[in-house]
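Text of the file start16.csv, holding CSV, C-alpha atoms:
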chain,number,residue,atom,x,y,z
A,202,MET,CA,19.7,-63.2,-21.6
A,203,PRO,CA,23.4,-63.9,-22.3
A,204,THR,CA,24.3,-63.7,-26.0
A,205,PRO,CA,27.1,-65.9,-27.4
A,206,THR,CA,29.4,-63.6,-29.2
A,207,TYR,CA,32.9,-63.2,-30.6
A,208,ILE,CA,32.0,-64.4,-34.0
A,209,SER,CA,34.5,-65.1,-36.8
A,210,LEU,CA,33.4,-63.1,-39.8
A,211,ALA,CA,36.1,-64.1,-42.3
A,212,THR,CA,39.5,-65.7,-42.4
A,213,VAL,CA,42.1,-65.3,-45.1
A,214,ASN,CA,44.9,-67.9,-45.2
A,215,LEU,CA,47.5,-66.8,-47.8
A,216,THR,CA,48.7,-69.5,-50.1
A,217,THR,CA,51.0,-67.1,-51.9
A,218,THR,CA,52.6,-63.8,-51.0
A,219,ASP,CA,50.4,-60.8,-50.9
A,220,ALA,CA,50.9,-57.2,-50.0
A,221,SER,CA,47.2,-56.4,-49.1
A,222,VAL,CA,44.1,-58.1,-47.8
A,223,THR,CA,40.7,-56.3,-47.7
A,224,PHE,CA,37.6,-57.2,-45.7
A,225,SER,CA,34.6,-55.4,-47.3
A,226,ASN,CA,30.9,-55.2,-46.9
A,227,ILE,CA,31.3,-55.5,-43.1
A,228,PRO,CA,27.8,-55.6,-41.5
A,229,ALA,CA,27.0,-53.0,-38.9
A,230,THR,CA,25.5,-55.6,-36.5
A,231,TYR,CA,28.3,-55.9,-34.0
A,232,ARG,CA,29.7,-53.6,-31.4
A,233,ASP,CA,33.5,-54.0,-32.0
A,234,LEU,CA,35.7,-55.7,-34.6
A,235,VAL,CA,38.9,-57.5,-33.8
A,236,LEU,CA,41.5,-58.0,-36.6
A,237,VAL,CA,44.0,-60.7,-35.9
A,238,PHE,CA,47.1,-61.2,-38.0
A,239,ASP,CA,49.5,-64.1,-37.5
A,240,GLY,CA,52.3,-64.5,-40.0
A,241,THR,CA,55.5,-63.3,-41.5
A,242,ALA,CA,56.7,-60.8,-44.1
A,243,SER,CA,59.8,-60.4,-46.2
A,244,PRO,CA,61.6,-58.1,-46.1
A,245,ASP,CA,60.6,-56.6,-42.7
A,246,ASN,CA,58.0,-53.9,-43.0
A,247,ASN,CA,55.2,-52.2,-41.0
A,248,GLY,CA,51.7,-53.4,-41.3
A,249,ASN,CA,49.1,-50.7,-42.0
A,250,VAL,CA,45.3,-50.5,-41.7
A,251,GLN,CA,42.9,-48.2,-43.6
A,252,PHE,CA,39.2,-47.9,-43.3
A,253,ASN,CA,36.6,-47.5,-46.0
A,254,GLY,CA,39.2,-46.8,-48.6
A,255,ASP,CA,40.2,-43.6,-46.9
A,256,THR,CA,43.8,-42.8,-48.0
A,257,ALA,CA,43.9,-39.2,-46.6
A,258,ALA,CA,45.8,-38.1,-43.5
A,259,ASN,CA,42.9,-39.0,-41.2
A,260,TYR,CA,44.7,-41.4,-38.9
A,261,SER,CA,46.7,-40.9,-35.7
A,262,ASP,CA,48.6,-43.3,-33.5
A,263,ILE,CA,50.5,-43.6,-30.3
A,264,ARG,CA,52.6,-46.5,-29.3
A,265,MET,CA,54.6,-47.9,-26.4
A,266,ILE,CA,57.4,-50.3,-27.5
A,267,GLY,CA,59.6,-52.7,-25.6
A,268,TYR,CA,62.6,-53.9,-27.6
A,269,PRO,CA,64.6,-57.0,-27.0
A,270,THR,CA,67.6,-54.8,-26.0
A,271,ASP,CA,65.9,-53.6,-22.7
A,272,LEU,CA,64.9,-50.4,-24.4
A,273,PHE,CA,61.5,-48.8,-24.1
A,274,THR,CA,60.3,-46.0,-26.3
A,275,SER,CA,57.1,-44.1,-27.1
A,276,SER,CA,56.2,-42.2,-30.2
A,277,ALA,CA,53.2,-40.8,-31.9
A,278,GLU,CA,52.3,-39.7,-35.4
A,279,THR,CA,49.5,-38.8,-37.9
A,280,GLY,CA,49.3,-40.1,-41.4
A,281,ASN,CA,47.3,-41.8,-44.1
A,282,SER,CA,47.0,-45.2,-42.3
A,283,LEU,CA,47.2,-46.8,-38.9
A,284,ILE,CA,50.6,-48.5,-38.5
A,285,THR,CA,50.2,-51.8,-36.7
A,286,GLY,CA,53.8,-52.5,-36.1
A,287,ALA,CA,56.7,-54.2,-37.8
A,288,ILE,CA,56.3,-57.7,-39.3
A,289,SER,CA,59.4,-59.7,-40.0
A,290,THR,CA,60.5,-63.1,-41.1
A,291,THR,CA,60.0,-64.0,-37.5
A,292,ARG,CA,56.4,-64.8,-36.8
A,293,THR,CA,54.4,-61.8,-35.8
A,294,ASN,CA,51.1,-61.6,-34.0
A,295,ILE,CA,48.9,-58.5,-34.2
A,296,ILE,CA,45.6,-58.1,-32.4
A,297,MET,CA,43.7,-54.9,-33.3
A,298,ASN,CA,40.4,-54.0,-31.5
A,299,ILE,CA,38.3,-51.5,-33.5
A,300,MET,CA,35.9,-50.1,-30.9
A,301,ASP,CA,32.4,-49.0,-31.7
A,302,TYR,CA,33.1,-49.4,-35.4
A,303,SER,CA,29.6,-48.9,-36.5
A,304,ALA,CA,28.9,-45.8,-34.5
A,305,THR,CA,28.0,-42.6,-36.3
A,306,ASP,CA,28.6,-40.2,-33.4
A,307,LYS,CA,32.3,-40.7,-32.7
A,308,HIS,CA,35.7,-41.3,-34.3
A,309,LYS,CA,37.0,-44.9,-34.3
A,310,THR,CA,39.5,-45.7,-31.7
A,311,THR,CA,41.6,-48.8,-32.0
A,312,ILE,CA,43.6,-50.7,-29.3
A,313,SER,CA,46.3,-53.1,-30.4
A,314,ARG,CA,48.9,-55.5,-29.2
A,315,VAL,CA,51.8,-56.5,-31.4
A,316,ASN,CA,54.1,-59.3,-30.5
A,317,ASN,CA,57.3,-60.3,-32.4
A,318,GLN,CA,60.1,-62.2,-30.7
A,319,ALA,CA,62.8,-60.6,-32.7
A,320,LEU,CA,61.5,-57.0,-32.9
A,321,GLY,CA,59.7,-56.5,-29.6
A,322,VAL,CA,56.3,-56.0,-28.0
A,323,ILE,CA,54.1,-53.1,-28.7
A,324,ALA,CA,50.9,-51.6,-27.2
A,325,ARG,CA,49.2,-49.1,-29.6
A,326,VAL,CA,46.2,-46.8,-29.6
A,327,GLY,CA,45.0,-45.4,-32.9
A,328,ARG,CA,42.1,-43.2,-34.2
A,329,TRP,CA,40.4,-42.8,-37.5
A,330,SER,CA,39.0,-39.3,-37.5
A,331,SER,CA,35.7,-40.1,-39.1
A,332,ASN,CA,32.2,-40.6,-37.7
A,333,SER,CA,31.4,-43.0,-40.6
A,334,PRO,CA,30.7,-46.6,-39.8
A,335,VAL,CA,33.6,-48.9,-40.7
A,336,ASN,CA,32.4,-51.1,-43.6
A,337,GLU,CA,35.8,-52.0,-45.0
A,338,VAL,CA,39.2,-52.8,-43.4
A,339,ARG,CA,42.3,-53.0,-45.5
A,340,PHE,CA,45.5,-54.5,-44.1
A,341,PHE,CA,48.6,-53.9,-46.1
A,342,LEU,CA,52.3,-53.6,-46.2
A,343,SER,CA,53.8,-50.6,-48.1
A,344,THR,CA,57.1,-52.0,-49.4
A,345,SER,CA,56.9,-55.7,-48.6
A,346,SER,CA,54.6,-58.7,-48.8
A,347,MET,CA,53.0,-61.1,-46.3
A,348,GLN,CA,54.3,-64.6,-46.8
A,349,ALA,CA,52.3,-67.7,-47.7
A,350,GLY,CA,50.9,-69.3,-44.5
A,351,SER,CA,50.1,-65.9,-43.0
A,352,THR,CA,46.5,-65.6,-41.8
A,353,LEU,CA,44.1,-62.7,-41.1
A,354,THR,CA,40.9,-63.2,-39.3
A,355,LEU,CA,38.2,-60.6,-38.7
A,356,TYR,CA,35.9,-61.1,-35.7
A,357,GLY,CA,32.8,-59.3,-34.6
A,358,ILE,CA,32.0,-58.9,-30.9
A,359,GLY,CA,28.3,-58.6,-30.2
A,360,ALA,CA,26.5,-55.5,-29.1
B,12,MET,CA,23.1,-45.0,-13.4
B,13,ALA,CA,22.6,-48.5,-12.0
B,14,TRP,CA,21.9,-51.6,-14.1
B,15,ASN,CA,20.4,-54.5,-12.1
B,16,LEU,CA,21.6,-57.7,-13.7
B,17,GLY,CA,19.0,-59.6,-11.6
B,18,LEU,CA,16.3,-58.4,-13.9
B,19,LEU,CA,17.7,-60.5,-16.7
B,20,GLY,CA,16.0,-63.8,-17.5
B,21,ALA,CA,17.5,-67.3,-17.2
B,22,SER,CA,20.4,-68.0,-19.6
B,23,THR,CA,20.3,-70.5,-22.4
B,24,VAL,CA,22.8,-73.4,-22.4
B,25,SER,CA,25.9,-72.6,-24.5
B,26,PRO,CA,29.1,-74.6,-25.1
B,27,ALA,CA,31.7,-74.4,-22.4
B,28,GLY,CA,34.4,-71.7,-23.0
B,29,THR,CA,31.9,-69.3,-24.7
B,30,PHE,CA,32.5,-65.6,-24.6
B,31,GLU,CA,29.1,-64.1,-23.9
B,32,LEU,CA,27.7,-60.6,-23.8
B,33,LEU,CA,26.1,-60.0,-20.4
B,34,ILE,CA,25.0,-56.4,-20.6
B,35,SER,CA,25.8,-53.3,-22.7
B,36,GLU,CA,24.8,-49.8,-22.2
B,37,THR,CA,25.4,-46.7,-24.2
B,38,LEU,CA,24.6,-43.5,-22.3
B,39,THR,CA,21.9,-41.3,-23.6
B,40,SER,CA,22.6,-38.6,-21.0
B,41,ASN,CA,25.6,-37.6,-18.9
B,42,ASP,CA,26.4,-39.7,-15.8
B,43,ASN,CA,29.3,-39.8,-13.3
B,44,SER,CA,29.1,-43.5,-12.8
B,45,ILE,CA,27.9,-46.8,-14.1
B,46,VAL,CA,27.1,-49.7,-11.8
B,47,PHE,CA,26.6,-53.3,-12.7
B,48,SER,CA,24.8,-54.9,-9.7
B,49,ASN,CA,23.8,-58.5,-8.7
B,50,VAL,CA,26.8,-59.8,-10.7
B,51,ASN,CA,27.6,-62.8,-8.5
B,52,SER,CA,24.0,-63.9,-7.8
B,53,THR,CA,23.2,-63.8,-11.5
B,54,TYR,CA,26.4,-65.0,-13.1
B,55,GLY,CA,28.7,-66.4,-10.4
B,56,SER,CA,27.9,-70.0,-11.1
B,57,THR,CA,28.3,-69.8,-14.8
B,58,TYR,CA,31.3,-67.6,-15.6
B,59,GLN,CA,34.9,-67.8,-14.6
B,60,HIS,CA,36.1,-64.4,-15.8
B,61,LEU,CA,34.7,-61.0,-16.8
B,62,HIS,CA,35.7,-58.8,-19.6
B,63,LEU,CA,34.8,-55.1,-19.9
B,64,ARG,CA,35.0,-53.1,-23.1
B,65,MET,CA,34.4,-49.3,-22.9
B,66,VAL,CA,34.5,-46.2,-25.0
B,67,THR,CA,34.4,-43.0,-22.9
B,68,ARG,CA,34.5,-39.2,-23.0
B,69,ASN,CA,33.6,-36.8,-20.2
B,70,ASP,CA,32.2,-33.3,-19.9
B,71,ALA,CA,34.9,-31.7,-17.7
B,72,ASN,CA,36.7,-28.5,-18.9
B,73,ASP,CA,40.0,-30.4,-19.1
B,74,THR,CA,42.1,-32.7,-21.3
B,75,ALA,CA,41.4,-36.0,-19.5
B,76,LEU,CA,40.4,-37.4,-16.2
B,77,TRP,CA,41.1,-40.8,-14.6
B,78,VAL,CA,38.6,-43.7,-14.8
B,79,GLY,CA,38.1,-45.5,-11.5
B,80,LEU,CA,36.9,-49.0,-10.8
B,81,ARG,CA,35.5,-50.2,-7.5
B,82,PHE,CA,33.9,-53.5,-6.3
B,83,ASN,CA,31.0,-54.2,-4.0
B,84,SER,CA,30.7,-50.5,-3.0
B,85,ASP,CA,34.0,-50.7,-1.2
B,86,THR,CA,35.3,-47.2,-0.8
B,87,GLY,CA,38.0,-48.0,1.8
B,88,SER,CA,41.1,-45.9,1.3
B,89,THR,CA,43.6,-48.7,1.5
B,90,ASN,CA,41.6,-51.6,-0.1
B,91,TYR,CA,43.0,-51.3,-3.7
B,92,ALA,CA,46.4,-51.3,-5.3
B,93,ARG,CA,47.6,-50.5,-8.8
B,94,HIS,CA,50.6,-50.2,-11.1
B,95,ASP,CA,50.6,-48.2,-14.3
B,96,LEU,CA,52.8,-48.1,-17.4
B,97,VAL,CA,51.9,-44.9,-19.3
B,98,ALA,CA,53.2,-43.6,-22.7
B,99,ASN,CA,52.5,-40.1,-24.0
B,100,GLY,CA,54.2,-40.2,-27.4
B,101,SER,CA,57.7,-39.3,-26.2
B,102,THR,CA,58.3,-40.8,-22.8
B,103,ILE,CA,57.1,-43.8,-20.7
B,104,THR,CA,56.5,-43.5,-17.0
B,105,THR,CA,55.6,-46.0,-14.4
B,106,SER,CA,53.9,-45.6,-11.1
B,107,GLY,CA,52.3,-47.6,-8.3
B,108,ASN,CA,50.3,-47.3,-5.1
B,109,GLY,CA,49.6,-50.1,-2.7
B,110,ASN,CA,46.8,-48.3,-0.8
B,111,LEU,CA,44.1,-46.6,-2.7
B,112,ASP,CA,40.3,-46.4,-2.7
B,113,TYR,CA,39.9,-47.4,-6.4
B,114,ILE,CA,41.7,-49.0,-9.3
B,115,ILE,CA,42.6,-46.8,-12.3
B,116,LEU,CA,41.5,-48.0,-15.8
B,117,GLY,CA,43.4,-45.3,-17.7
B,118,GLU,CA,41.7,-42.0,-18.5
B,119,THR,CA,38.7,-40.6,-20.3
B,120,VAL,CA,39.2,-37.6,-22.6
B,121,SER,CA,37.5,-34.4,-21.7
B,122,SER,CA,35.9,-31.5,-23.6
B,123,GLN,CA,39.2,-29.8,-24.6
B,124,ILE,CA,40.1,-32.7,-26.8
B,125,VAL,CA,38.9,-32.7,-30.4
B,126,SER,CA,35.2,-33.5,-30.8
B,127,GLY,CA,34.5,-37.1,-31.7
B,128,SER,CA,37.6,-38.5,-30.0
B,129,PHE,CA,36.8,-41.1,-27.3
B,130,SER,CA,39.1,-43.0,-25.0
B,131,ALA,CA,38.9,-46.8,-25.4
B,132,HIS,CA,39.4,-49.4,-22.6
B,133,ILE,CA,39.7,-53.2,-22.6
B,134,VAL,CA,39.7,-54.7,-19.1
B,135,ASP,CA,39.9,-58.2,-17.8
B,136,ILE,CA,38.6,-59.0,-14.3
B,137,LEU,CA,40.1,-62.4,-13.4
B,138,ASP,CA,38.4,-65.0,-11.2
B,139,PRO,CA,35.9,-62.5,-9.8
B,140,PHE,CA,33.7,-65.1,-8.2
B,141,GLU,CA,36.4,-67.1,-6.4
B,142,THR,CA,36.4,-66.7,-2.6
B,143,THR,CA,40.0,-67.9,-2.0
B,144,LYS,CA,41.8,-65.1,-3.7
B,145,ASN,CA,41.8,-61.3,-4.1
B,146,THR,CA,40.5,-60.0,-7.4
B,147,THR,CA,43.0,-58.9,-10.0
B,148,VAL,CA,42.4,-56.6,-13.0
B,149,ARG,CA,44.4,-55.8,-16.1
B,150,SER,CA,43.6,-53.0,-18.5
B,151,LEU,CA,44.9,-51.6,-21.8
B,152,SER,CA,43.5,-48.2,-22.8
B,153,GLY,CA,44.2,-44.9,-24.4
B,154,GLN,CA,43.4,-42.2,-27.0
B,155,THR,CA,45.2,-40.1,-29.6
B,156,GLY,CA,45.0,-36.4,-30.4
B,157,SER,CA,46.4,-33.5,-28.4
B,158,ARG,CA,46.5,-35.8,-25.5
B,159,ASN,CA,48.2,-39.0,-26.8
B,160,ARG,CA,48.2,-41.7,-24.2
B,161,VAL,CA,48.6,-45.5,-23.9
B,162,TRP,CA,47.9,-46.9,-20.5
B,163,TYR,CA,48.8,-50.4,-19.3
B,164,ASN,CA,47.3,-50.9,-15.8
B,165,SER,CA,47.1,-53.7,-13.3
B,166,GLY,CA,44.9,-53.5,-10.3
B,167,LEU,CA,44.1,-55.5,-7.1
B,168,TRP,CA,41.1,-55.5,-4.8
B,169,LYS,CA,42.4,-56.7,-1.5
B,170,ASN,CA,39.4,-58.7,-0.7
B,171,THR,CA,38.5,-62.4,-1.3
B,172,ALA,CA,34.7,-61.8,-1.5
B,173,ALA,CA,33.0,-62.6,-4.7
B,174,ILE,CA,32.2,-59.6,-6.9
B,175,SER,CA,28.6,-58.5,-6.5
B,176,SER,CA,28.8,-55.1,-8.0
B,177,ILE,CA,31.2,-53.3,-10.4
B,178,GLU,CA,31.3,-49.5,-10.4
B,179,ILE,CA,33.0,-47.5,-13.1
B,180,TYR,CA,33.2,-43.8,-12.3
B,181,ILE,CA,35.3,-40.6,-12.6
B,182,PRO,CA,37.1,-40.0,-9.2
B,183,GLN,CA,38.0,-36.4,-10.1
B,184,GLY,CA,34.5,-35.4,-10.8
B,185,GLY,CA,32.8,-34.8,-14.2
B,186,ASN,CA,30.4,-37.0,-16.1
B,187,PHE,CA,30.7,-39.6,-18.8
B,188,ILE,CA,28.9,-38.0,-21.8
B,189,SER,CA,26.1,-39.4,-23.9
B,190,GLY,CA,27.6,-41.9,-26.4
B,191,SER,CA,30.0,-43.4,-23.8
B,192,ARG,CA,29.6,-47.2,-23.9
B,193,PHE,CA,30.1,-49.9,-21.3
B,194,SER,CA,29.8,-53.6,-22.2
B,195,LEU,CA,30.3,-56.5,-19.8
B,196,TYR,CA,31.1,-59.9,-21.1
B,197,GLY,CA,31.5,-63.3,-19.3
B,198,LEU,CA,33.8,-66.2,-20.1
B,199,ARG,CA,32.2,-69.4,-19.1
B,200,ASN,CA,33.7,-71.8,-16.7
B,201,SER,CA,34.2,-75.4,-17.9
Structure rendered as structure tokens:
Amino acid sequence: MPTPTYISLATVNLTTTDASVTFSNIPATYRDLVLVFDGTASPDNNGNVQFNGDTAANYSDIRMIGYPTDLFTSSAETGNSLITGAISTTRTNIIMNIMDYSATDKHKTTISRVNNQALGVIARVGRWSSNSPVNEVRFFLSTSSMQAGSTLTLYGIGA
Amino acid sequence: MAWNLGLLGASTVSPAGTFELLISETLTSNDNSIVFSNVNSTYGSTYQHLHLRMVTRNDANDTALWVGLRFNSDTGSTNYARHDLVANGSTITTSGNGNLDYIILGETVSSQIVSGSFSAHIVDILDPFETTKNTTVRSLSGQTGSRNRVWYNSGLWKNTAAISSIEIYIPQGGNFISGSRFSLYGLRNS
């Protein structure tokens, strides 16, 4: 029997600047999570994602970037967060899919699209090297703040 | 392993535009292919587009193998076309082929890659039940680790028939391992 899915779990609409938003106590009842950011930051800075309060070097990422100047690049790194891509004073849209987030037999792979008219378009794949179910998602900027009017929404896609 | 969608019961009425789970399977044993059958007869009158979300790993003694997609058991050698944009962490390459026997949906990591790492795939199958157009597919997928990859694929099935079956398999051999997951969703028509 078809199951209506793609459920909005929580939405944060910033009324003041903020460097960090955390979604916690995420239920394990969905198959995938989708984190959507739409907003701006000042000054320009990368967005970052951490799971379950893990601040260790357990994250890896590869990206494919198309810049406005007809330049394409690819790079990869490991670190203490997943980098979502640059957010600027020009409106940025980030869609991060967190696949099989509640599974206990695999690392957590993410697939993301990032769109910013001034900075470029990015396709990214990331991995959190943990078999733990994701119960917390923290989105933050390291050296900047999201501006008022920015929104973050967390969706659950049914199993 | 074949999953017969005709065994499912009648659907309930939902608001137009709803994104709905049709079927999801997580493998409990290794298998070379997954087949969703009776797709058009069960869902063709209700849904406009299909959406496929997968997490995969295979048992080959390798770093990664391609993931193939075929429709309606069509194995004709010139009946599919594809274009790929692939990044490996340092370079980006493009490729295309207008005459193939399957569409590529990126790759699935194999046993030489760190345990626990799975490839992830998000696939859109557009207008699969229309009989006036060929079926187009787009896919974003990849994985990180010792084989970093981002794949951006487009695919074409050169046939206007409505989709009755969807096969996801490993063309180069090998099996998807237990824990690999395949979820098919439908986007309702208006």
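With only C-alpha atoms as the atoms that count, the minimum distance from Thr37 of chain B to the choices A:Ile296, A:Ala304, A:Asn317, A:Asn246 is reached by A:Ala304.
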Please provide the set of residues having any atom within 6 Å of segment 254-260 of chain A, restricted to all atoms listed in the file, with same-chain residues fewer than 6 positions apart removed, written as number ranges by chain.
A: 279-283, 328-330
When you look at Thr147 of chain B with a cut-off of 6 Å (counting all atoms listed in the file), what residues show up, excluding the ones that are within fewer than 4 positions of it in the same chain? I need them as an mmCIF file with C-alpha atoms, keeping the file's coordinate frame.
data_model
loop_
_atom_site.group_PDB
_atom_site.id
_atom_site.type_symbol
_atom_site.label_atom_id
_atom_site.label_comp_id
_atom_site.auth_asym_id
_atom_site.auth_seq_id
_atom_site.Cartn_x
_atom_site.Cartn_y
_atom_site.Cartn_z
ATOM 1 C CA LEU B 137 40.100 -62.400 -13.400
ATOM 2 C CA GLY B 166 44.900 -53.500 -10.300
ATOM 3 C CA LEU B 167 44.100 -55.500 -7.100
#
Skip segment 51-63 of chain B itself and residues of its chain fewer than 2 positions away, then list as a ChimeraX atom specification all residues within 7 Å of it, counting only C-alpha atoms.
/B:16-17,49,65,133-140,173-175,194-200
Contacts of chain B with chain A up to 9 Å, shortest pair per row, all atoms listed in the file, as CSV:
residue,atom,partner,partner_atom,distance
B:Leu19,CA,A:Met202,CA,5.9
B:Gly20,CA,A:Met202,CA,5.6
B:Ala21,CA,A:Met202,CA,6.4
B:Ser22,CA,A:Met202,CA,5.2
B:Thr23,CA,A:Pro203,CA,7.3
B:Ser25,CA,A:Pro205,CA,7.4
B:Thr29,CA,A:Pro205,CA,6.5
B:Phe30,CA,A:Thr206,CA,5.9
B:Glu31,CA,A:Pro205,CA,4.4
B:Leu32,CA,A:Thr204,CA,5.1
B:Leu33,CA,A:Pro203,CA,5.1
B:Ile34,CA,A:Pro203,CA,7.9
B:Ser35,CA,A:Ala360,CA,6.8
B:Arg64,CA,A:Met300,CA,8.4
B:Met65,CA,A:Met300,CA,8.2
B:Val66,CA,A:Met300,CA,7.2
B:Val97,CA,A:Met265,CA,8.2
B:Ala98,CA,A:Met265,CA,5.8
B:Asn99,CA,A:Ser275,CA,6.8
B:Gly100,CA,A:Ser276,CA,4.0
B:Ser101,CA,A:Ser275,CA,4.9
B:Thr102,CA,A:Ser275,CA,5.6
B:Ile103,CA,A:Ser275,CA,6.4
B:Ser126,CA,A:Lys307,CA,8.0
B:Gly127,CA,A:Lys307,CA,4.3
B:Ser128,CA,A:His308,CA,5.5
B:Phe129,CA,A:Thr310,CA,6.9
B:Ser130,CA,A:Thr310,CA,7.2
B:Ala131,CA,A:Thr310,CA,6.4
B:His132,CA,A:Ile312,CA,8.0
B:Ile133,CA,A:Ile312,CA,8.1
B:Leu151,CA,A:Ile312,CA,7.7
B:Ser152,CA,A:Ile312,CA,7.0
B:Gly153,CA,A:Val326,CA,5.9
B:Gln154,CA,A:Val326,CA,6.0
B:Thr155,CA,A:Asp262,CA,6.1
B:Gly156,CA,A:Ser261,CA,7.2
B:Asn159,CA,A:Ile263,CA,6.2
B:Arg160,CA,A:Ile263,CA,6.8
B:Val161,CA,A:Val326,CA,6.3
B:Trp162,CA,A:Ala324,CA,8.7
B:Tyr163,CA,A:Ala324,CA,8.3
B:Gly190,CA,A:Asp306,CA,7.3
B:Arg192,CA,A:Asp301,CA,8.5
B:Ser194,CA,A:Ala360,CA,7.9
B:Tyr196,CA,A:Pro203,CA,8.8
B:Gly197,CA,A:Pro203,CA,8.7
I'd like the contact shell of segment 213-225 of chain A - 10 Å cut-off, all atoms listed in the file, skipping same-chain residues fewer than 4 positions apart - returned as a ChimeraX atom specification.
/A:236,238-243,248-254,335-355
Please, could you write that set of residues out with C-alpha atoms as a compact mmCIF listing (two decimals), in the coordinates of the input?
# COMPACT_ATOMS: atom_id res chain seq x y z
CA LEU A 236 41.50 -58.00 -36.60
CA PHE A 238 47.10 -61.20 -38.00
CA ASP A 239 49.50 -64.10 -37.50
CA GLY A 240 52.30 -64.50 -40.00
CA THR A 241 55.50 -63.30 -41.50
CA ALA A 242 56.70 -60.80 -44.10
CA SER A 243 59.80 -60.40 -46.20
CA GLY A 248 51.70 -53.40 -41.30
CA ASN A 249 49.10 -50.70 -42.00
CA VAL A 250 45.30 -50.50 -41.70
CA GLN A 251 42.90 -48.20 -43.60
CA PHE A 252 39.20 -47.90 -43.30
CA ASN A 253 36.60 -47.50 -46.00
CA GLY A 254 39.20 -46.80 -48.60
CA VAL A 335 33.60 -48.90 -40.70
CA ASN A 336 32.40 -51.10 -43.60
CA GLU A 337 35.80 -52.00 -45.00
CA VAL A 338 39.20 -52.80 -43.40
CA ARG A 339 42.30 -53.00 -45.50
CA PHE A 340 45.50 -54.50 -44.10
CA PHE A 341 48.60 -53.90 -46.10
CA LEU A 342 52.30 -53.60 -46.20
CA SER A 343 53.80 -50.60 -48.10
CA THR A 344 57.10 -52.00 -49.40
CA SER A 345 56.90 -55.70 -48.60
CA SER A 346 54.60 -58.70 -48.80
CA MET A 347 53.00 -61.10 -46.30
CA GLN A 348 54.30 -64.60 -46.80
CA ALA A 349 52.30 -67.70 -47.70
CA GLY A 350 50.90 -69.30 -44.50
CA SER A 351 50.10 -65.90 -43.00
CA THR A 352 46.50 -65.60 -41.80
CA LEU A 353 44.10 -62.70 -41.10
CA THR A 354 40.90 -63.20 -39.30
CA LEU A 355 38.20 -60.60 -38.70
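The coordinates place atom CA of Phe193 of chain B at 5.4 Å from atom CA of Glu36 of chain B.
Our summary of the geometry notes that atom CA of Val315 of chain A is positioned 5.8 Å from atom CA of Asn294 of chain A.
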What separation in Å, quoted to one decimal, exists between atom CA of Ala211 of chain A and atom CA of Ser303 of chain A?
17.5 Å
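Distance annotation: of B:Thr74, B:Ser106, B:Ser122, B:Ser84, the residue with the minimal separation from Ser48 of chain B is B:Ser84; atom set is all atoms listed in the file.
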Distance query 7 Å from (56.1, -55.4, -23.1) using all atoms listed in the file, result as a PyMOL selection string
chain A and resi 266-267+322-323
Might you pull out every residue within 10 Å of Leu111 of chain B, with all atoms listed in the file counted and same-chain residues fewer than 5 positions away left off, and present them as a VMD selection string?
chain B and resid 86 to 93 167 to 168
Generate the coordinates of N, CA, C and O atoms for segment 31-39 of chain B; report them as a PDB file, keeping the file's coordinate frame.
ATOM      1  N   GLU B  31      30.515 -64.493 -23.801  1.00  0.00           N
ATOM      2  CA  GLU B  31      29.100 -64.100 -23.900  1.00  0.00           C
ATOM      3  C   GLU B  31      28.921 -62.622 -23.452  1.00  0.00           C
ATOM      4  O   GLU B  31      29.468 -62.220 -22.425  1.00  0.00           O
ATOM      5  N   LEU B  32      28.101 -61.889 -24.182  1.00  0.00           N
ATOM      6  CA  LEU B  32      27.700 -60.600 -23.800  1.00  0.00           C
ATOM      7  C   LEU B  32      26.690 -60.690 -22.616  1.00  0.00           C
ATOM      8  O   LEU B  32      25.696 -61.392 -22.729  1.00  0.00           O
ATOM      9  N   LEU B  33      26.960 -60.011 -21.508  1.00  0.00           N
ATOM     10  CA  LEU B  33      26.100 -60.000 -20.400  1.00  0.00           C
ATOM     11  C   LEU B  33      25.153 -58.801 -20.390  1.00  0.00           C
ATOM     12  O   LEU B  33      23.936 -58.919 -20.230  1.00  0.00           O
ATOM     13  N   ILE B  34      25.746 -57.635 -20.564  1.00  0.00           N
ATOM     14  CA  ILE B  34      25.000 -56.400 -20.600  1.00  0.00           C
ATOM     15  C   ILE B  34      25.779 -55.317 -21.273  1.00  0.00           C
ATOM     16  O   ILE B  34      26.995 -55.264 -21.109  1.00  0.00           O
ATOM     17  N   SER B  35      25.130 -54.450 -22.025  1.00  0.00           N
ATOM     18  CA  SER B  35      25.800 -53.300 -22.700  1.00  0.00           C
ATOM     19  C   SER B  35      24.925 -52.115 -22.584  1.00  0.00           C
ATOM     20  O   SER B  35      23.712 -52.204 -22.799  1.00  0.00           O
ATOM     21  N   GLU B  36      25.547 -50.992 -22.281  1.00  0.00           N
ATOM     22  CA  GLU B  36      24.800 -49.800 -22.200  1.00  0.00           C
ATOM     23  C   GLU B  36      25.543 -48.619 -22.822  1.00  0.00           C
ATOM     24  O   GLU B  36      26.726 -48.413 -22.542  1.00  0.00           O
ATOM     25  N   THR B  37      24.887 -47.891 -23.684  1.00  0.00           N
ATOM     26  CA  THR B  37      25.400 -46.700 -24.200  1.00  0.00           C
ATOM     27  C   THR B  37      24.620 -45.509 -23.634  1.00  0.00           C
ATOM     28  O   THR B  37      23.394 -45.483 -23.740  1.00  0.00           O
ATOM     29  N   LEU B  38      25.315 -44.590 -22.984  1.00  0.00           N
ATOM     30  CA  LEU B  38      24.600 -43.500 -22.300  1.00  0.00           C
ATOM     31  C   LEU B  38      23.873 -42.610 -23.251  1.00  0.00           C
ATOM     32  O   LEU B  38      24.374 -42.252 -24.322  1.00  0.00           O
ATOM     33  N   THR B  39      22.665 -42.248 -22.849  1.00  0.00           N
ATOM     34  CA  THR B  39      21.900 -41.300 -23.600  1.00  0.00           C
ATOM     35  C   THR B  39      21.820 -39.931 -22.883  1.00  0.00           C
ATOM     36  O   THR B  39      21.243 -38.963 -23.397  1.00  0.00           O
TER      37      THR B  39
END
